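File shown here: upload.txt, holding compact mmCIF, C-alpha atoms.
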# COMPACT_ATOMS: atom_id res chain seq x y z
CA LEU A 1 -5.34 -68.15 54.31
CA GLU A 2 -7.24 -68.49 51.05
CA GLN A 3 -8.43 -64.90 51.36
CA GLN A 4 -4.83 -63.68 51.94
CA ARG A 5 -3.61 -65.67 48.93
CA ARG A 6 -6.21 -64.04 46.73
CA SER A 7 -5.26 -60.58 48.04
CA VAL A 8 -1.63 -61.20 47.20
CA GLN A 9 -2.58 -62.36 43.70
CA GLY A 10 -4.70 -59.25 43.28
CA LEU A 11 -1.81 -57.05 44.26
CA GLY A 12 0.36 -58.89 41.75
CA GLY A 13 -2.19 -58.22 39.02
CA ASP A 14 -2.36 -54.55 39.95
CA TYR A 15 1.44 -54.39 39.82
CA ASP A 16 1.47 -56.00 36.39
CA ARG A 17 -1.16 -53.54 35.14
CA ALA A 18 0.74 -50.62 36.66
CA THR A 19 3.94 -51.81 35.03
CA LYS A 20 2.24 -52.09 31.65
CA SER A 21 0.73 -48.61 32.03
CA ALA A 22 4.12 -47.17 32.94
CA ASN A 23 5.72 -48.87 29.97
CA GLY A 24 2.92 -47.58 27.72
CA LEU A 25 3.38 -44.05 29.03
CA ALA A 26 7.12 -44.26 28.46
CA GLY A 27 6.49 -45.47 24.94
CA SER A 28 4.10 -42.59 24.29
CA LEU A 29 6.60 -40.09 25.64
CA ASN A 30 9.30 -41.57 23.41
CA ALA A 31 6.94 -41.31 20.43
CA VAL A 32 6.20 -37.68 21.22
CA ARG A 33 9.93 -37.01 21.58
CA THR A 34 10.59 -38.68 18.21
CA VAL A 35 7.88 -36.63 16.50
CA ALA A 36 9.30 -33.46 18.05
CA LEU A 37 12.77 -34.31 16.77
CA ILE A 38 11.43 -35.02 13.29
CA ALA A 39 9.49 -31.75 13.30
CA SER A 40 12.59 -29.91 14.45
CA ALA A 41 14.63 -31.40 11.62
CA ALA A 42 11.90 -30.59 9.09
CA LEU A 43 12.00 -26.97 10.16
CA GLY A 44 15.68 -26.89 9.23
CA GLY A 45 16.77 -26.06 12.74
CA MET A 46 14.39 -23.12 13.15
CA GLY A 47 13.15 -22.72 16.68
CA ILE A 48 9.47 -22.54 17.50
CA ARG A 49 9.88 -18.90 18.47
CA ARG A 50 11.29 -18.08 15.02
CA VAL A 51 8.45 -19.92 13.27
CA ILE A 52 5.86 -18.00 15.29
CA SER A 53 7.66 -14.72 14.60
CA GLU A 54 7.83 -15.31 10.82
CA THR A 55 4.19 -16.36 10.74
CA ALA A 56 3.23 -13.16 12.54
CA ARG A 57 5.27 -11.01 10.13
CA PHE A 58 3.62 -12.71 7.14
CA GLY A 59 0.22 -11.98 8.66
CA GLU A 60 1.15 -8.32 9.09
CA SER A 61 2.35 -8.08 5.48
CA MET A 62 -0.88 -9.62 4.18
CA ASN A 63 -3.00 -7.28 6.33
CA THR A 64 -1.06 -4.32 4.91
CA LEU A 65 -1.60 -5.60 1.38
CA ARG A 66 -5.32 -5.98 2.00
CA ALA A 67 -5.55 -2.45 3.36
CA ILE A 68 -3.71 -1.02 0.33
CA THR A 69 -5.66 -2.92 -2.32
CA GLY A 70 -9.08 -3.07 -0.70
CA ALA A 71 -9.22 -6.67 -1.88
CA THR A 72 -12.36 -8.73 -1.46
CA GLN A 73 -12.17 -11.91 0.61
CA GLY A 74 -11.78 -13.98 -2.56
CA GLN A 75 -9.06 -11.71 -3.96
CA TYR A 76 -7.28 -11.67 -0.61
CA GLU A 77 -7.26 -15.46 -0.47
CA ALA A 78 -5.85 -15.62 -4.01
CA LEU A 79 -3.09 -13.15 -3.12
CA GLU A 80 -2.28 -15.06 0.07
CA LYS A 81 -2.11 -18.35 -1.86
CA GLN A 82 0.20 -16.76 -4.42
CA ALA A 83 2.50 -15.35 -1.74
CA ARG A 84 2.70 -18.73 0.02
CA THR A 85 3.37 -20.51 -3.28
CA LEU A 86 6.19 -18.10 -4.13
CA GLY A 87 7.58 -18.59 -0.65
CA ALA A 88 7.71 -22.33 -1.25
CA THR A 89 9.03 -22.29 -4.83
CA THR A 90 11.44 -19.33 -4.96
CA ARG A 91 14.34 -18.11 -2.87
CA TYR A 92 12.09 -15.40 -1.42
CA SER A 93 9.98 -15.99 1.67
CA ALA A 94 6.19 -15.75 1.70
CA GLN A 95 6.50 -12.49 3.65
CA GLU A 96 8.90 -11.02 1.06
CA SER A 97 6.49 -12.05 -1.71
CA ALA A 98 3.64 -10.33 0.12
CA ASP A 99 5.79 -7.21 0.44
CA ALA A 100 6.45 -7.32 -3.31
CA GLN A 101 2.70 -7.43 -3.92
CA ALA A 102 2.30 -4.39 -1.69
CA TYR A 103 5.02 -2.49 -3.58
CA LEU A 104 3.17 -3.00 -6.86
CA ALA A 105 -0.14 -2.07 -5.26
CA ARG A 106 1.32 1.22 -3.99
CA ALA A 107 2.39 1.99 -7.58
CA GLY A 108 -1.28 2.06 -8.54
CA PHE A 109 -1.78 -1.42 -10.00
CA ASP A 110 -5.17 -2.86 -9.09
CA VAL A 111 -5.53 -6.12 -7.22
CA ASN A 112 -5.70 -8.19 -10.41
CA GLN A 113 -2.41 -6.70 -11.60
CA THR A 114 -0.67 -7.09 -8.26
CA LEU A 115 1.42 -10.10 -9.19
CA ALA A 116 4.36 -10.59 -6.89
CA ASP A 117 5.79 -13.21 -9.20
CA ILE A 118 6.50 -10.45 -11.74
CA ALA A 119 8.68 -8.58 -9.28
CA SER A 120 10.18 -11.83 -8.05
CA ASN A 121 11.07 -12.88 -11.59
CA VAL A 122 12.65 -9.51 -12.37
CA LEU A 123 14.78 -9.74 -9.23
CA GLY A 124 16.00 -13.14 -10.36
CA GLN A 125 16.56 -12.13 -13.99
CA PHE A 126 18.82 -9.23 -13.02
CA GLY A 127 20.45 -10.78 -9.96
CA LEU A 128 18.90 -8.22 -7.62
CA GLN A 129 18.13 -8.49 -3.92
CA VAL A 130 14.84 -8.16 -2.07
CA SER A 131 16.01 -4.72 -0.94
CA ASP A 132 15.79 -3.68 -4.65
CA LEU A 133 12.02 -4.23 -4.78
CA GLY A 134 11.41 -0.49 -4.60
CA ARG A 135 13.65 0.04 -7.63
CA VAL A 136 11.93 -2.77 -9.56
CA ASN A 137 8.55 -1.33 -8.66
CA ASP A 138 9.53 2.13 -9.95
CA VAL A 139 10.85 0.72 -13.25
CA LEU A 140 7.73 -1.38 -13.87
CA ALA A 141 5.42 1.50 -13.04
CA LYS A 142 7.28 4.00 -15.21
CA ALA A 143 7.49 1.67 -18.20
CA ALA A 144 3.81 0.75 -17.99
CA ASN A 145 2.66 4.34 -17.56
CA SER A 146 4.87 5.94 -20.22
CA SER A 147 4.57 3.55 -23.15
CA ASN A 148 2.16 1.36 -25.07
CA THR A 149 2.61 -1.73 -22.88
CA THR A 150 0.97 -3.36 -19.89
CA VAL A 151 2.66 -4.82 -16.83
CA SER A 152 1.83 -8.30 -18.11
CA GLN A 153 3.37 -7.60 -21.55
CA LEU A 154 6.39 -6.01 -19.90
CA ALA A 155 6.85 -9.13 -17.78
CA GLN A 156 6.71 -11.33 -20.90
CA ALA A 157 9.34 -9.20 -22.62
CA LEU A 158 11.63 -9.15 -19.59
CA LYS A 159 11.32 -12.92 -19.31
CA ARG A 160 12.91 -13.18 -22.76
CA ALA A 161 15.39 -10.33 -22.60
CA GLY A 162 16.22 -10.04 -18.90
CA PRO A 163 18.76 -12.86 -18.47
CA ILE A 164 20.90 -11.98 -21.51
CA ALA A 165 20.68 -8.26 -20.69
CA ASN A 166 21.98 -8.92 -17.19
CA SER A 167 24.79 -11.16 -18.49
CA ALA A 168 25.82 -8.40 -20.92
CA GLY A 169 25.88 -5.79 -18.16
CA VAL A 170 22.76 -3.99 -19.37
CA SER A 171 20.75 -2.56 -16.47
CA LEU A 172 17.09 -3.19 -15.73
CA GLU A 173 16.35 0.46 -16.48
CA GLU A 174 18.00 0.33 -19.93
CA THR A 175 16.30 -2.95 -20.79
CA ALA A 176 12.87 -1.62 -19.77
CA ALA A 177 13.51 1.57 -21.78
CA ALA A 178 14.34 -0.46 -24.91
CA ILE A 179 11.22 -2.60 -24.41
CA SER A 180 9.10 0.54 -23.99
CA ALA A 181 10.46 2.05 -27.22
CA LEU A 182 9.70 -1.11 -29.19
CA SER A 183 6.24 -1.35 -27.60
CA ASP A 184 5.39 2.12 -28.84
CA ALA A 185 6.25 0.90 -32.35
CA GLY A 186 3.72 -1.92 -32.06
CA LEU A 187 6.00 -4.71 -30.91
CA GLN A 188 4.74 -6.09 -27.62
CA GLY A 189 5.12 -8.94 -25.17
CA GLU A 190 7.42 -11.80 -26.09
CA LEU A 191 7.98 -10.30 -29.55
CA THR A 192 9.51 -7.23 -27.91
CA GLY A 193 11.64 -9.38 -25.62
CA THR A 194 12.90 -11.40 -28.57
CA GLY A 195 13.89 -8.20 -30.37
CA VAL A 196 15.86 -6.86 -27.41
CA LEU A 197 17.41 -10.28 -26.82
CA GLY A 198 18.57 -10.50 -30.44
CA PHE A 199 19.85 -6.93 -30.43
CA ILE A 200 22.03 -7.55 -27.38
CA ARG A 201 23.15 -10.99 -28.62
CA GLN A 202 24.32 -9.63 -31.99
CA LEU A 203 26.22 -6.80 -30.30
CA SER A 204 27.92 -9.36 -28.07
CA ASN A 205 29.04 -11.49 -31.01
CA VAL A 206 29.68 -9.31 -34.07
CA THR A 207 30.22 -11.40 -37.20
CA PRO A 208 32.73 -10.51 -39.96
CA ASN A 209 29.85 -9.45 -42.25
CA ALA A 210 28.43 -7.28 -39.48
CA GLU A 211 31.84 -5.74 -38.84
CA ALA A 212 32.19 -4.88 -42.53
CA ALA A 213 28.72 -3.28 -42.54
CA LEU A 214 29.57 -1.20 -39.47
CA LYS A 215 32.83 -0.07 -41.06
CA LYS A 216 30.86 1.51 -43.93
CA TYR A 217 29.44 3.95 -41.35
CA GLY A 218 32.72 4.62 -39.57
CA LEU A 219 31.91 2.32 -36.66
CA SER A 220 34.13 -0.36 -35.17
CA ILE A 221 33.29 -3.31 -32.94
CA ALA A 222 34.59 -1.31 -29.98
CA ASP A 223 32.16 1.50 -30.81
CA VAL A 224 29.17 -0.78 -30.32
CA SER A 225 30.57 -3.03 -27.60
CA LEU A 226 28.40 -3.28 -24.49
CA GLU A 227 31.56 -3.89 -22.48
CA THR A 228 32.67 -0.30 -23.01
CA ASN A 229 29.37 1.45 -23.81
CA THR A 230 25.94 1.58 -22.25
CA LEU A 231 23.00 0.34 -24.29
CA GLY A 232 21.81 3.93 -24.69
CA GLU A 233 25.20 5.06 -26.00
CA VAL A 234 25.24 2.28 -28.61
CA ILE A 235 21.73 3.16 -29.76
CA GLN A 236 22.70 6.85 -30.07
CA LYS A 237 25.68 5.89 -32.26
CA LEU A 238 23.46 3.78 -34.50
CA ASN A 239 21.03 6.69 -34.75
CA ALA A 240 23.78 9.11 -35.74
CA ALA A 241 25.15 6.65 -38.34
CA GLN A 242 21.74 6.38 -40.05
CA ILE A 243 22.29 2.76 -40.99
CA SER A 244 20.15 1.53 -43.88
CA THR A 245 17.63 -1.26 -43.49
CA PRO A 246 19.66 -3.79 -45.56
CA ASP A 247 22.79 -3.07 -43.53
CA SER A 248 20.82 -3.26 -40.30
CA PHE A 249 19.86 -6.80 -41.25
CA LYS A 250 23.51 -7.60 -42.03
CA ILE A 251 24.56 -6.39 -38.59
CA PHE A 252 21.69 -7.69 -36.48
CA ALA A 253 20.35 -10.54 -38.63
CA SER A 254 16.67 -11.22 -39.15
CA GLU A 255 15.99 -11.83 -35.45
CA ALA A 256 16.88 -8.26 -34.48
CA GLY A 257 17.16 -6.20 -37.68
CA PRO A 258 13.69 -4.63 -37.32
CA ALA A 259 14.20 -4.03 -33.59
CA ALA A 260 17.56 -2.35 -34.27
CA GLN A 261 15.94 0.01 -36.76
CA VAL A 262 13.21 0.99 -34.31
CA LEU A 263 15.64 1.47 -31.43
CA ALA A 264 17.95 3.64 -33.52
CA LEU A 265 15.03 5.88 -34.49
CA SER A 266 13.90 5.95 -30.84
CA ALA A 267 17.29 6.84 -29.38
CA ASP A 268 16.08 9.99 -27.63
CA LYS A 269 13.07 8.18 -26.13
CA VAL A 270 15.31 5.41 -24.81
CA ASP A 271 17.54 8.01 -23.16
CA ALA A 272 14.54 9.83 -21.69
CA LEU A 273 13.15 6.66 -20.16
Turn the structure described in the file into structure tokens.
Amino acid sequence: LEQQRRSVQGLGGDYDRATKSANGLAGSLNAVRTVALIASAALGGMGIRRVISETARFGESMNTLRAITGATQGQYEALEKQARTLGATTRYSAQESADAQAYLARAGFDVNQTLADIASNVLGQFGLQVSDLGRVNDVLAKAANSSNTTVSQLAQALKRAGPIANSAGVSLEETAAAISALSDAGLQGELTGTGVLGFIRQLSNVTPNAEAALKKYGLSIADVSLETNTLGEVIQKLNAAQISTPDSFKIFASEAGPAAQVLALSADKVDAL
């Protein structure tokens, strides 16, 4: 009887241990389920298949970029880090940033000049879409290759002038052409951007003194309005009017008087670009 009693107690202990193990397993499964739900929420509803697909596409874009640039392992890692950073801090994905890098590389920029944030910034400054990367690439390449400016200096100038140019309806191409013309006159980087910014700002808000100065040359506010004229057309009119330096400062103030003079003298170059 004593032996049977001990056997029954042993079975009871086994049952208790089994119950605890089952409860522990259930708890683990619940924990796994909770983690999965949290991960799913963190991914913003993206399915695992979509995550894998986007990761694969990013890898393909980076491999293409490496093939185009011939980047060393160190340079490749820097480009990859930049693309991932842009993907996390801008409205463009890491893959789109890598594609932007590839666009610039195809234009002939070396790996140290292949900065996707330049293209990304230009897209944002002019309200363009990722599908416009080819257009942005062409403009940057043409401006850098046809004037006394580098891609880095062009980016600095566009950072200053881009937003106001876009708000005034001035295209990326016209803005880059104006920057190129000023660069050839020795104004570069942010200084160039400030000149273009001031030029557009003064045309968008003509003062009474500026209106009087324009009238001396047979020009009205409507003649130089960017609402009814392109930037190139306004510059051609200023060129034809042969406005003096003192009057140029009356019209465009000190922030843009010198830039206005250079642009007027470079009217044909602006049109050509």
Within 9 Å of file point (8.8, -7.9, -17.8), counting all atoms listed in the file, expressed as a PyMOL selection string: chain A and resi 118-119+121-122+140+151-162+176+179+189+193
A:Ser146 proximity check over A:Ser167, A:Asp184, A:Leu79, A:Ser254, using all atoms listed in the file: winner is A:Asp184
Which polymer residues have any atom within 9 Å of an atom of A:Gln95, counting all atoms listed in the file, with same-chain residues fewer than 6 positions away left out, as an NGL selection string? :A and (54-55 or 57-62 or 83-84 or 87)
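Proximity ranking of A:Leu197, A:Ile251, A:Ala259, A:Leu226 relative to A:Ala168 places A:Leu226 first, based on all atoms listed in the file.
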For atom CA of A:Lys216 and atom CA of A:Ala241, determine how far apart the two atoms are, in Å to one decimal place. 9.5 Å
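Closest approach to A:Leu214 among A:Asn166, A:Gln242, A:Ser93, A:Thr194 is made by A:Gln242 (distances from all atoms listed in the file).
The coordinates place atom CA of A:Asp268 at 23.2 Å from atom CA of A:Glu255.
Nearest-residue note for A:Lys142: choosing from A:Leu273, A:Thr192, A:Asn209, A:Glu77, the minimum distance belongs to A:Leu273, counting all atoms listed in the file.
A straight line drawn from atom CA of A:Ser180 to atom CA of A:Ser147 is 5.5 Å long.
When all atoms listed in the file are used to measure the gap to A:Thr228, the shortest distance among A:Val262, A:Val170, A:Ala177, A:Ala100 belongs to A:Val170.
For A:Gln236, the list of residues within 9 Å, based on only C-alpha atoms and with local chain neighbours fewer than 5 positions off taken out, reads A:Leu231, A:Ala241, A:Leu263, A:Ala264, A:Leu265, A:Ser266, A:Ala267, A:Asp268, A:Asp271.
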I want to know what sits within 12 Å of A:Val130, based on only C-alpha atoms, with residues of the same chain fewer than 5 positions away left out; could you give that as a list in words? Arg91, Tyr92, Ser93, Gln95, Glu96, Ser97, Ala98, Asp99, Ala100, Tyr103, Ala116, Ala119, Ser120, Asn121, Val122, Leu123, Gly124, Arg135, Val136 and Asn137 of chain A
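Of the listed residues (A:Thr85, A:Ser244, A:Ser225, A:Gln125), A:Ser244 comes nearest to A:Pro258; the distances count all atoms listed in the file.
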Within 6 Å of (17.9, 1.2, -21.9) in the file's own coordinates, which protein, DNA or RNA residues have an atom, counting only C-alpha atoms? List them as a PDB file with C-alpha atoms, in the coordinates of the input.
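Saved result, part-v5.pdb, follows:
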ATOM      1  CA  GLU A 173      16.350   0.460 -16.480  1.00  0.00           C
ATOM      2  CA  GLU A 174      18.000   0.330 -19.930  1.00  0.00           C
ATOM      3  CA  THR A 175      16.300  -2.950 -20.790  1.00  0.00           C
ATOM      4  CA  ALA A 177      13.510   1.570 -21.780  1.00  0.00           C
ATOM      5  CA  ALA A 178      14.340  -0.460 -24.910  1.00  0.00           C
ATOM      6  CA  LEU A 231      23.000   0.340 -24.290  1.00  0.00           C
ATOM      7  CA  GLY A 232      21.810   3.930 -24.690  1.00  0.00           C
ATOM      8  CA  VAL A 270      15.310   5.410 -24.810  1.00  0.00           C
TER       9      VAL A 270
END
So which residues touch A:Pro246 within 10 Å, counting only C-alpha atoms, skipping near sequence neighbours fewer than 4 positions away, as a PyMOL selection string? chain A and resi 213+250-251+253+257
